[in-house]
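Text of data_1.cif (mmCIF, C-alpha atoms) as supplied:
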data_upload
loop_
_atom_site.label_atom_id
_atom_site.label_comp_id
_atom_site.auth_asym_id
_atom_site.auth_seq_id
_atom_site.Cartn_x
_atom_site.Cartn_y
_atom_site.Cartn_z
CA MET B 1 61.25 110.60 50.54
CA PRO B 2 59.18 107.36 50.59
CA LEU B 3 60.55 104.30 52.34
CA PHE B 4 60.34 100.92 50.55
CA HIS B 5 60.84 97.41 51.90
CA TYR B 6 62.58 94.98 49.53
CA ARG B 7 63.41 91.29 49.25
CA ALA B 8 66.12 90.14 46.84
CA ILE B 9 68.58 87.34 46.07
CA GLY B 10 72.20 88.23 46.81
CA PRO B 11 75.26 87.23 44.76
CA ALA B 12 75.76 84.19 47.00
CA GLY B 13 72.18 83.01 46.48
CA ASP B 14 70.99 84.11 49.91
CA ILE B 15 67.79 86.04 50.60
CA GLN B 16 68.35 89.66 51.55
CA GLN B 17 65.71 92.11 52.78
CA GLY B 18 65.71 95.63 54.13
CA ASP B 19 64.47 99.19 53.65
CA LEU B 20 65.56 101.86 51.19
CA ASP B 21 64.65 105.53 50.72
CA ALA B 22 63.96 106.41 47.07
CA PRO B 23 61.61 108.64 45.06
CA THR B 24 59.88 105.72 43.32
CA LEU B 25 59.71 101.93 43.29
CA THR B 26 61.64 101.94 39.98
CA ASP B 27 64.54 103.79 41.60
CA VAL B 28 64.68 101.16 44.36
CA ALA B 29 64.82 98.35 41.78
CA ALA B 30 67.57 100.11 39.83
CA GLN B 31 69.62 100.67 42.99
CA LEU B 32 69.33 97.00 44.00
CA GLN B 33 70.25 95.78 40.52
CA ARG B 34 73.34 97.99 40.50
CA GLY B 35 74.34 96.24 43.71
CA GLY B 36 74.17 92.85 41.99
CA LEU B 37 70.88 91.76 43.58
CA ILE B 38 67.99 89.97 41.89
CA VAL B 39 64.80 91.73 42.98
CA LEU B 40 62.01 89.51 44.27
CA ARG B 41 59.58 92.03 45.72
CA ILE B 42 59.35 95.72 46.61
CA ASP B 43 56.56 97.17 48.77
CA PRO B 44 55.96 100.53 50.46
CA ALA B 45 57.22 100.28 54.02
CA GLY B 46 54.42 99.59 56.49
CA GLY B 47 52.31 97.61 54.02
CA GLY B 48 53.16 94.37 55.78
CA PHE B 49 51.14 95.36 58.86
CA TRP B 50 47.99 95.77 56.81
CA ARG B 51 48.56 92.55 54.93
CA LEU B 52 49.05 90.76 58.23
CA SER B 53 45.89 92.29 59.71
CA PHE B 54 43.81 90.90 56.90
CA ASP B 55 45.26 87.41 57.25
CA PHE B 56 43.64 86.50 60.56
CA GLY B 57 41.10 83.74 60.00
CA GLY B 58 41.90 83.57 56.30
CA GLY B 59 41.96 79.80 55.98
CA GLN B 60 44.82 77.66 54.66
CA ALA B 61 44.72 78.44 50.91
CA LEU B 62 46.82 81.00 49.08
CA ARG B 63 45.04 84.06 47.79
CA ARG B 64 45.42 85.12 44.18
CA GLY B 65 47.96 87.84 44.93
CA GLU B 66 49.97 85.55 47.17
CA LEU B 67 50.00 82.88 44.46
CA VAL B 68 51.47 85.39 42.00
CA ASP B 69 54.13 86.48 44.50
CA VAL B 70 55.07 82.89 45.40
CA THR B 71 55.34 81.94 41.72
CA ARG B 72 57.47 84.94 40.83
CA GLU B 73 59.75 84.47 43.82
CA LEU B 74 60.28 80.75 43.20
CA SER B 75 61.00 81.46 39.53
CA ALA B 76 63.63 84.06 40.44
CA MET B 77 65.33 81.75 42.93
CA LEU B 78 65.50 78.81 40.54
CA GLY B 79 66.70 81.11 37.78
CA ALA B 80 69.48 82.32 40.10
CA GLY B 81 70.76 78.77 40.42
CA GLN B 82 69.27 77.65 43.71
CA ASP B 83 67.97 74.11 43.99
CA LEU B 84 64.27 73.57 44.67
CA ASP B 85 64.66 72.47 48.30
CA ARG B 86 66.81 75.46 49.23
CA ALA B 87 64.50 77.84 47.40
CA LEU B 88 61.44 76.53 49.25
CA LYS B 89 63.32 76.65 52.55
CA SER B 90 64.20 80.32 52.01
CA MET B 91 60.62 81.14 51.05
CA VAL B 92 59.28 79.43 54.18
CA GLU B 93 61.66 81.43 56.37
CA THR B 94 60.67 84.74 54.78
CA ALA B 95 56.95 84.05 54.23
CA GLY B 96 54.77 87.12 54.75
CA ASN B 97 52.25 85.33 57.00
CA LYS B 98 51.54 81.99 58.66
CA ARG B 99 49.15 80.79 55.95
CA VAL B 100 51.71 81.19 53.16
CA GLY B 101 54.38 79.65 55.35
CA ALA B 102 52.18 76.64 56.12
CA VAL B 103 51.45 75.97 52.44
CA LEU B 104 55.12 76.29 51.48
CA THR B 105 56.17 74.05 54.37
CA ARG B 106 53.84 71.30 53.16
CA LEU B 107 55.22 71.65 49.64
CA ARG B 108 58.81 71.45 50.87
CA ASP B 109 58.10 68.40 53.02
CA GLN B 110 56.64 66.53 50.05
CA VAL B 111 59.51 67.55 47.75
CA ARG B 112 62.05 66.38 50.36
CA ASP B 113 60.21 63.04 50.50
CA GLY B 114 60.92 62.57 46.80
CA ALA B 115 57.75 63.95 45.18
CA ALA B 116 57.94 66.12 42.08
CA LEU B 117 56.92 69.74 42.55
CA SER B 118 53.86 69.25 40.32
CA ALA B 119 52.74 66.27 42.43
CA ALA B 120 53.16 68.31 45.60
CA LEU B 121 51.19 71.19 44.08
CA ALA B 122 48.39 68.82 43.05
CA LYS B 123 47.85 67.96 46.73
CA GLU B 124 47.03 71.63 47.42
CA PRO B 125 44.09 72.16 45.01
CA LYS B 126 42.70 75.12 46.96
CA SER B 127 45.95 77.03 46.45
CA PHE B 128 47.12 75.78 43.04
CA PRO B 129 44.55 75.32 40.24
CA LYS B 130 44.80 72.58 37.62
CA LEU B 131 46.20 75.03 35.07
CA PHE B 132 49.05 75.86 37.44
CA VAL B 133 49.84 72.22 38.14
CA GLY B 134 49.69 71.30 34.46
CA LEU B 135 52.12 74.03 33.44
CA VAL B 136 54.57 73.11 36.21
CA ARG B 137 54.38 69.47 35.12
CA ALA B 138 55.15 70.53 31.53
CA GLY B 139 58.08 72.63 32.77
CA GLU B 140 59.49 69.70 34.71
CA SER B 141 59.19 67.45 31.67
CA GLY B 142 60.91 70.01 29.45
CA GLY B 143 63.69 70.77 31.94
CA ASP B 144 62.79 74.48 32.12
CA LEU B 145 60.98 74.83 35.42
CA ALA B 146 62.31 78.33 36.17
CA GLY B 147 61.26 79.66 32.76
CA THR B 148 57.87 77.99 33.03
CA LEU B 149 57.26 79.53 36.43
CA ASP B 150 58.25 82.93 35.08
CA ARG B 151 55.76 82.67 32.21
CA LEU B 152 53.15 81.30 34.60
CA ALA B 153 53.64 84.29 36.90
CA GLY B 154 53.17 86.55 33.91
CA LEU B 155 49.91 84.78 33.05
CA LEU B 156 48.62 85.09 36.62
CA GLU B 157 49.59 88.76 36.76
CA ARG B 158 47.73 89.44 33.51
CA GLN B 159 44.63 87.70 34.83
CA ARG B 160 44.84 89.60 38.11
CA SER B 161 45.30 92.89 36.26
CA LEU B 162 42.25 92.24 34.07
CA THR B 163 40.10 91.29 37.06
CA ALA B 164 41.28 94.34 39.02
CA ALA B 165 40.48 96.59 36.06
CA ILE B 166 36.91 95.26 35.92
CA GLN B 167 36.40 95.58 39.67
CA SER B 168 37.87 99.09 39.80
CA ALA B 169 35.71 100.27 36.91
CA MET B 170 32.54 99.14 38.72
CA ILE B 171 33.32 100.81 42.06
CA TYR B 172 32.12 104.30 41.15
CA PRO B 173 28.81 103.20 39.56
CA CYS B 174 28.11 101.00 42.60
CA ILE B 175 28.75 103.92 44.95
CA LEU B 176 26.35 106.05 42.93
CA VAL B 177 23.66 103.37 43.11
CA VAL B 178 24.06 103.05 46.88
CA ALA B 179 23.97 106.84 47.31
CA ALA B 180 20.87 107.14 45.12
CA THR B 181 19.06 104.36 46.95
CA GLY B 182 19.95 105.81 50.34
CA SER B 183 18.81 109.32 49.35
CA ILE B 184 15.46 108.12 48.05
CA PHE B 185 14.96 105.91 51.12
CA LEU B 186 15.57 108.85 53.48
CA LEU B 187 13.25 111.15 51.55
CA LEU B 188 10.42 108.61 51.53
CA THR B 189 10.72 107.36 55.10
CA ARG B 190 12.05 110.39 57.02
CA VAL B 191 11.44 113.67 55.18
CA LEU B 192 7.96 113.30 53.68
CA PRO B 193 6.27 111.96 56.87
CA GLN B 194 7.36 115.14 58.70
CA PHE B 195 4.79 117.14 56.70
CA VAL B 196 1.81 114.84 57.32
CA PRO B 197 0.80 116.48 60.65
CA LEU B 198 0.82 119.91 58.99
CA PHE B 199 -1.74 118.81 56.41
CA ALA B 200 -3.82 116.94 58.99
CA GLU B 201 -4.08 120.01 61.24
CA ASN B 202 -5.38 122.13 58.37
CA GLY B 203 -7.72 119.45 57.06
CA VAL B 204 -6.13 119.52 53.63
CA ALA B 205 -6.29 116.48 51.39
CA LEU B 206 -2.94 115.45 50.04
CA PRO B 207 -2.40 115.57 46.27
CA PRO B 208 -2.51 112.08 44.68
CA SER B 209 1.24 112.04 43.92
CA THR B 210 2.15 113.01 47.49
CA ALA B 211 -0.28 110.46 48.94
CA PHE B 212 1.25 107.78 46.70
CA LEU B 213 4.79 108.59 47.83
CA LEU B 214 3.74 108.61 51.48
CA GLY B 215 2.10 105.22 51.03
CA LEU B 216 5.23 103.94 49.36
CA GLY B 217 7.32 105.26 52.26
CA ASN B 218 5.05 103.51 54.78
CA VAL B 219 5.37 100.24 52.89
CA ILE B 220 9.15 100.55 52.89
CA SER B 221 9.23 101.42 56.61
CA ASN B 222 6.92 98.58 57.62
CA TYR B 223 8.05 95.85 55.24
CA GLY B 224 11.57 96.94 54.28
CA LEU B 225 13.25 94.27 56.40
CA LEU B 226 10.97 91.60 54.97
CA GLY B 227 11.75 92.83 51.47
CA LEU B 228 15.47 92.64 52.21
CA VAL B 229 15.09 89.05 53.43
CA VAL B 230 13.09 88.14 50.33
CA THR B 231 15.71 89.77 48.10
CA ILE B 232 18.54 87.84 49.76
CA ALA B 233 16.53 84.62 49.48
CA GLY B 234 15.93 85.39 45.81
CA VAL B 235 19.64 85.91 45.18
CA VAL B 236 20.49 82.65 46.94
CA GLY B 237 17.76 80.83 45.02
CA ALA B 238 18.99 82.27 41.73
CA LYS B 239 22.54 81.12 42.53
CA ILE B 240 21.29 77.60 43.27
CA LEU B 241 19.26 77.62 40.06
CA LEU B 242 22.23 78.82 38.01
CA ASP B 243 24.31 75.91 39.31
CA ARG B 244 22.14 73.67 37.13
CA PRO B 245 23.33 73.18 33.53
CA GLY B 246 20.13 74.22 31.76
CA PRO B 247 19.41 77.54 33.51
CA ARG B 248 23.13 78.41 33.55
CA LEU B 249 23.40 77.84 29.80
CA ALA B 250 20.35 80.05 29.16
CA ALA B 251 21.67 82.80 31.44
CA ASP B 252 25.13 82.76 29.85
CA SER B 253 23.60 82.87 26.38
CA LEU B 254 21.45 85.87 27.37
CA LEU B 255 24.48 87.62 28.84
CA LEU B 256 26.35 87.35 25.54
CA ARG B 257 23.41 88.86 23.64
CA LEU B 258 23.02 91.93 25.85
CA PRO B 259 23.89 95.25 24.17
CA VAL B 260 27.21 96.80 25.25
CA VAL B 261 27.70 94.29 28.08
CA GLY B 262 27.61 91.29 25.73
CA GLY B 263 30.47 92.63 23.62
CA LEU B 264 32.51 93.36 26.72
CA VAL B 265 31.95 89.83 28.06
CA LYS B 266 33.08 88.39 24.71
CA ASP B 267 36.30 90.40 24.87
CA VAL B 268 36.96 89.19 28.42
CA LEU B 269 36.37 85.56 27.37
CA ALA B 270 38.61 85.99 24.31
CA ALA B 271 41.40 87.53 26.39
CA ARG B 272 41.34 84.75 28.97
CA PHE B 273 41.01 81.97 26.38
CA SER B 274 43.83 83.29 24.18
CA ARG B 275 46.20 84.12 27.03
CA THR B 276 45.82 80.71 28.64
CA LEU B 277 46.01 78.78 25.37
CA GLY B 278 49.09 80.66 24.17
CA THR B 279 50.90 80.20 27.48
CA LEU B 280 50.15 76.49 27.57
CA LEU B 281 51.30 75.93 23.98
CA LEU B 282 54.53 77.89 24.45
CA ASN B 283 55.30 75.76 27.50
CA GLY B 284 55.11 72.57 25.44
CA VAL B 285 51.62 71.40 26.37
CA PRO B 286 49.98 69.51 23.44
CA LEU B 287 47.05 71.21 21.75
CA MET B 288 44.43 68.70 22.92
CA ALA B 289 45.54 68.91 26.54
CA ALA B 290 45.78 72.70 26.33
CA MET B 291 42.26 73.04 24.93
CA THR B 292 40.87 70.71 27.59
CA THR B 293 42.53 72.78 30.31
CA VAL B 294 41.25 76.03 28.82
CA ARG B 295 37.73 74.64 28.68
CA GLU B 296 37.84 73.89 32.41
CA ILE B 297 38.70 77.47 33.39
CA ILE B 298 36.07 79.20 31.23
CA SER B 299 33.04 79.92 33.40
CA ASN B 300 30.64 80.80 30.57
CA ARG B 301 28.83 77.60 29.53
CA VAL B 302 28.18 78.77 25.96
CA ALA B 303 31.86 79.54 25.43
CA SER B 304 32.82 76.26 27.11
CA GLU B 305 30.64 74.31 24.69
CA ALA B 306 32.20 76.20 21.77
CA VAL B 307 35.66 75.18 22.99
CA GLY B 308 34.45 71.58 23.30
CA LYS B 309 33.35 71.61 19.66
CA ALA B 310 36.74 73.04 18.69
CA VAL B 311 38.43 70.15 20.50
CA GLU B 312 36.39 67.66 18.46
CA SER B 313 37.27 69.57 15.30
CA ALA B 314 40.98 69.42 16.15
CA LYS B 315 40.72 65.66 16.75
CA ASN B 316 39.39 65.33 13.21
CA GLY B 317 42.35 67.28 11.85
CA GLN B 318 40.35 70.42 10.99
CA GLY B 319 41.95 72.80 13.50
CA ILE B 320 40.23 74.89 16.14
CA SER B 321 39.75 78.28 14.48
CA ARG B 322 36.95 77.25 12.09
CA ALA B 323 34.91 75.61 14.85
CA LEU B 324 35.35 78.64 17.12
CA ALA B 325 34.34 80.99 14.31
CA ALA B 326 31.26 78.88 13.51
CA ALA B 327 30.13 79.06 17.15
CA ALA B 328 30.04 82.89 16.91
CA VAL B 329 30.82 83.23 20.62
CA PHE B 330 34.31 84.69 20.45
CA PRO B 331 35.15 87.90 18.55
CA VAL B 332 36.04 87.56 14.87
CA ARG B 333 39.47 89.14 15.40
CA MET B 334 40.48 86.34 17.76
CA THR B 335 39.39 83.52 15.45
CA GLN B 336 41.14 85.17 12.49
CA LEU B 337 44.42 85.44 14.41
CA LEU B 338 44.11 81.81 15.52
CA ARG B 339 43.51 80.74 11.93
CA LEU B 340 46.61 82.64 10.87
CA GLY B 341 48.53 80.94 13.68
CA GLU B 342 47.39 77.50 12.49
CA GLU B 343 48.37 78.26 8.90
CA THR B 344 51.85 79.48 9.87
CA ALA B 345 52.46 76.94 12.67
CA GLN B 346 52.59 79.85 15.15
CA LEU B 347 49.40 79.18 17.09
CA GLY B 348 50.91 79.94 20.51
CA PRO B 349 52.40 83.35 19.63
CA MET B 350 49.31 84.39 17.68
CA ALA B 351 47.09 83.40 20.60
CA LEU B 352 49.12 85.67 22.88
CA ARG B 353 48.86 88.47 20.34
CA ALA B 354 45.09 88.02 20.30
CA ALA B 355 45.11 88.12 24.10
CA ASP B 356 46.99 91.45 24.11
CA MET B 357 44.48 92.89 21.67
CA HIS B 358 41.39 91.80 23.58
CA GLU B 359 42.76 92.80 26.97
CA GLU B 360 43.20 96.31 25.58
CA ARG B 361 39.72 96.21 24.06
CA THR B 362 38.36 95.15 27.46
CA ARG B 363 39.93 98.16 29.16
CA ILE B 364 38.52 100.49 26.51
CA GLY B 365 35.13 98.82 26.74
CA LEU B 366 35.11 99.25 30.51
CA GLN B 367 35.87 102.94 30.16
CA ARG B 368 32.97 103.32 27.73
CA LEU B 369 30.62 101.35 29.96
CA VAL B 370 31.45 103.49 32.96
CA ALA B 371 31.07 106.61 30.80
CA LEU B 372 27.53 105.44 30.00
CA LEU B 373 26.58 104.19 33.46
CA VAL B 374 27.63 107.19 35.52
CA PRO B 375 25.52 109.80 33.66
CA ALA B 376 22.59 107.37 33.41
CA ILE B 377 22.60 106.67 37.15
CA THR B 378 23.03 110.37 37.93
CA ILE B 379 20.11 111.33 35.70
CA LEU B 380 17.85 108.64 37.16
CA MET B 381 18.78 109.62 40.71
CA GLY B 382 18.18 113.29 39.95
CA ALA B 383 14.84 112.53 38.32
CA ALA B 384 13.68 110.44 41.29
CA VAL B 385 14.72 113.05 43.85
CA ALA B 386 13.22 115.85 41.74
CA GLY B 387 9.96 113.91 41.52
CA ILE B 388 9.76 113.52 45.29
CA VAL B 389 10.61 117.18 45.94
CA SER B 390 8.14 118.34 43.26
CA SER B 391 5.39 116.27 44.84
CA LEU B 392 6.16 117.84 48.23
CA LEU B 393 6.17 121.35 46.75
CA LEU B 394 2.85 120.66 45.03
CA ALA B 395 1.35 119.71 48.39
CA MET B 396 2.74 122.87 50.01
CA LEU B 397 1.29 125.03 47.25
CA SER B 398 -2.11 123.46 47.71
CA LEU B 399 -1.89 124.22 51.44
CA ASN B 400 -0.94 127.81 50.67
CA ASP B 401 -3.91 128.20 48.29
CA ILE B 402 -6.32 127.13 51.03
CA ALA B 403 -4.72 129.50 53.53
CA GLN B 404 -5.26 132.41 51.13
#
Could you take the file, read its structure, and then write that structure out as structure tokens?
Amino acid sequence: MPLFHYRAIGPAGDIQQGDLDAPTLTDVAAQLQRGGLIVLRIDPAGGGFWRLSFDFGGGQALRRGELVDVTRELSAMLGAGQDLDRALKSMVETAGNKRVGAVLTRLRDQVRDGAALSAALAKEPKSFPKLFVGLVRAGESGGDLAGTLDRLAGLLERQRSLTAAIQSAMIYPCILVVAATGSIFLLLTRVLPQFVPLFAENGVALPPSTAFLLGLGNVISNYGLLGLVVTIAGVVGAKILLDRPGPRLAADSLLLRLPVVGGLVKDVLAARFSRTLGTLLLNGVPLMAAMTTVREIISNRVASEAVGKAVESAKNGQGISRALAAAAVFPVRMTQLLRLGEETAQLGPMALRAADMHEERTRIGLQRLVALLVPAITILMGAAVAGIVSSLLLAMLSLNDIAQ
């Protein structure tokens, strides 16, 4: 039976941790809850060693997963009735690694010196983004810091889940591309040259296709390293170029117009925009401030400009949905739900509903994209390998004809 390591808040408000044998993680959680504990975290036993091994040399900022865990844990402690100083002290003592402990220690020191939690978070910009700080500030103002942190943890978990889904979907196509490239490289630079002496000894001229492939293999063998350096320099140069507003705007606009990929990018943008906007509004952040915050976290320049126009429209009392619809950047379903939210004074809940819809559409779109990419890459790889082998066989047949 699997062994799980848990951390939980006991009835007296103390942090408890240990190991339990159970069939699944859900069974562990149910067993702890029956014992009157508030579950903070459950991991397969032994996972801490691997997490620790990856933390060496990791800098002083929290990673995305660690930020989610810290937020969820702090929310649970405050919800259980602990004061902020005691909660931070317990988290420092049970931190999973030195980096997390150092960040939490700095936060606790500032809070003990009289600073608000949001002010302390603002002094750690590498660990806590502006959106995080703004929501915590709103929670402090509204007197619901624990609830705000809980909703914030949910937002971060949704974002992490969406990012993980995209990354996971692209792993298999990337492996195929690497395998295809490696196979073709070996055929051109290692396999084909082995037959050159055979043709030279018999004085047979190579067929044009075989001679072309051999020449291509020689070029790759002699200048492959230079080509790799040029490619890396090109990537770096493109990144520097895309840091400029003009080229970045053109590239983002082209990305949105691409078939298949463009629609998927729009769904991703809609999901992130709606989820963030809805969370901010439900936590009491005014619409103007919420839209400004959302605009800062959207990486696509075209979508960012569309949000900027929506902000101007809202300042003029015309709402945001019409301006977003006129920009034609976000999907129609999202703008329609936002318009309905404005008309019924339920903009926050409707934005979250739009986020749920587009997150699901993103997952479906990723599945379709992978379903298209995998056969396409396989066919192209097969065609390239078949072309090389056919060229080699053609040369062997010509050698056989001369021998006869």
Give me the residues near Ala119 in chain B as a VMD selection string, where near means some atom within 9 Å (using all atoms listed in the file) and where sequence neighbours in that chain fewer than 6 positions away do not count.
chain B and resid 110 to 111 133 137
Write out, as a PDB file, in the coordinates of the input, the residues just selected, with C-alpha atoms.
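For reference, again23.pdb as written:
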ATOM      1  CA  GLN B 110      56.640  66.530  50.050  1.00  0.00           C
ATOM      2  CA  VAL B 111      59.510  67.550  47.750  1.00  0.00           C
ATOM      3  CA  VAL B 133      49.840  72.220  38.140  1.00  0.00           C
ATOM      4  CA  ARG B 137      54.380  69.470  35.120  1.00  0.00           C
TER       5      ARG B 137
END
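Between Phe212 in chain B and the residues B:Gly35, B:Pro375, B:Gly387, B:Gly237, the shortest atom-to-atom distance, using all atoms listed in the file, involves B:Gly387.
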Would you list the contacts of Arg353 in chain B as a list in words, taking every protein, DNA or RNA residue within 9 Å and counting all atoms listed in the file, but skipping same-chain residues closer than 5 positions in sequence?
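The residues that qualify are Ser274, Arg275, Gly278, Leu337, Gly348 and His358 of chain B.
If all atoms listed in the file are the atoms counted, then among B:Gly262, B:Leu213, B:Gly234, B:Thr279 the closest residue to Val191 in chain B is B:Leu213.
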Running the PyMOL selection byres ((chain B and resi 296) around 12) on this model by hand, what would come out? Give it as a list in words.
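Matching residues under the PyMOL selection byres ((chain B and resi 296) around 12) are Pro129, Lys130, Leu131, Arg272, Phe273, Thr276, Leu277, Ala289, Ala290, Met291, Thr292, Thr293, Val294, Arg295, Ile297, Ile298, Ser299, Asn300, Arg301, Ala303, Ser304, Glu305, Val307 and Gly308 of chain B.
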Around range 316-324 of chain B, with edges along x, y and z and 5 Å added on all six sides, what centre and edge lengths do you get, in Å to one decimal, as AutoDock Vina command-line options?
--center_x 38.6 --center_y 72.0 --center_z 14.1 --size_x 17.4 --size_y 23.3 --size_z 16.1
Since the input is missing atoms for range 282-294 of chain B, could you rebuild it with N, CA and C atoms and give the result as a PDB file, in the frame of the given file?
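Result file part.pdb:
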ATOM      1  N   LEU B 282      53.122  77.491  24.419  1.00  0.00           N
ATOM      2  CA  LEU B 282      54.530  77.890  24.450  1.00  0.00           C
ATOM      3  C   LEU B 282      55.321  77.152  25.520  1.00  0.00           C
ATOM      4  N   ASN B 283      54.623  76.558  26.477  1.00  0.00           N
ATOM      5  CA  ASN B 283      55.300  75.760  27.500  1.00  0.00           C
ATOM      6  C   ASN B 283      55.323  74.276  27.143  1.00  0.00           C
ATOM      7  N   GLY B 284      54.982  73.943  25.910  1.00  0.00           N
ATOM      8  CA  GLY B 284      55.110  72.570  25.440  1.00  0.00           C
ATOM      9  C   GLY B 284      53.926  71.675  25.698  1.00  0.00           C
ATOM     10  N   VAL B 285      52.804  72.221  26.151  1.00  0.00           N
ATOM     11  CA  VAL B 285      51.620  71.400  26.370  1.00  0.00           C
ATOM     12  C   VAL B 285      50.971  71.100  25.016  1.00  0.00           C
ATOM     13  N   PRO B 286      50.636  69.839  24.712  1.00  0.00           N
ATOM     14  CA  PRO B 286      49.980  69.510  23.440  1.00  0.00           C
ATOM     15  C   PRO B 286      48.652  70.234  23.287  1.00  0.00           C
ATOM     16  N   LEU B 287      48.251  70.427  22.026  1.00  0.00           N
ATOM     17  CA  LEU B 287      47.050  71.210  21.750  1.00  0.00           C
ATOM     18  C   LEU B 287      45.809  70.624  22.414  1.00  0.00           C
ATOM     19  N   MET B 288      45.628  69.315  22.345  1.00  0.00           N
ATOM     20  CA  MET B 288      44.430  68.700  22.920  1.00  0.00           C
ATOM     21  C   MET B 288      44.366  68.925  24.433  1.00  0.00           C
ATOM     22  N   ALA B 289      45.499  68.709  25.089  1.00  0.00           N
ATOM     23  CA  ALA B 289      45.540  68.910  26.540  1.00  0.00           C
ATOM     24  C   ALA B 289      45.348  70.376  26.888  1.00  0.00           C
ATOM     25  N   ALA B 290      45.920  71.267  26.079  1.00  0.00           N
ATOM     26  CA  ALA B 290      45.780  72.700  26.330  1.00  0.00           C
ATOM     27  C   ALA B 290      44.328  73.135  26.193  1.00  0.00           C
ATOM     28  N   MET B 291      43.659  72.659  25.137  1.00  0.00           N
ATOM     29  CA  MET B 291      42.260  73.040  24.930  1.00  0.00           C
ATOM     30  C   MET B 291      41.367  72.500  26.040  1.00  0.00           C
ATOM     31  N   THR B 292      41.651  71.287  26.491  1.00  0.00           N
ATOM     32  CA  THR B 292      40.870  70.710  27.590  1.00  0.00           C
ATOM     33  C   THR B 292      41.043  71.521  28.866  1.00  0.00           C
ATOM     34  N   THR B 293      42.275  71.959  29.133  1.00  0.00           N
ATOM     35  CA  THR B 293      42.530  72.780  30.310  1.00  0.00           C
ATOM     36  C   THR B 293      41.837  74.120  30.209  1.00  0.00           C
ATOM     37  N   VAL B 294      41.906  74.730  29.024  1.00  0.00           N
ATOM     38  CA  VAL B 294      41.250  76.030  28.820  1.00  0.00           C
ATOM     39  C   VAL B 294      39.750  75.899  29.021  1.00  0.00           C
TER      40      VAL B 294
END
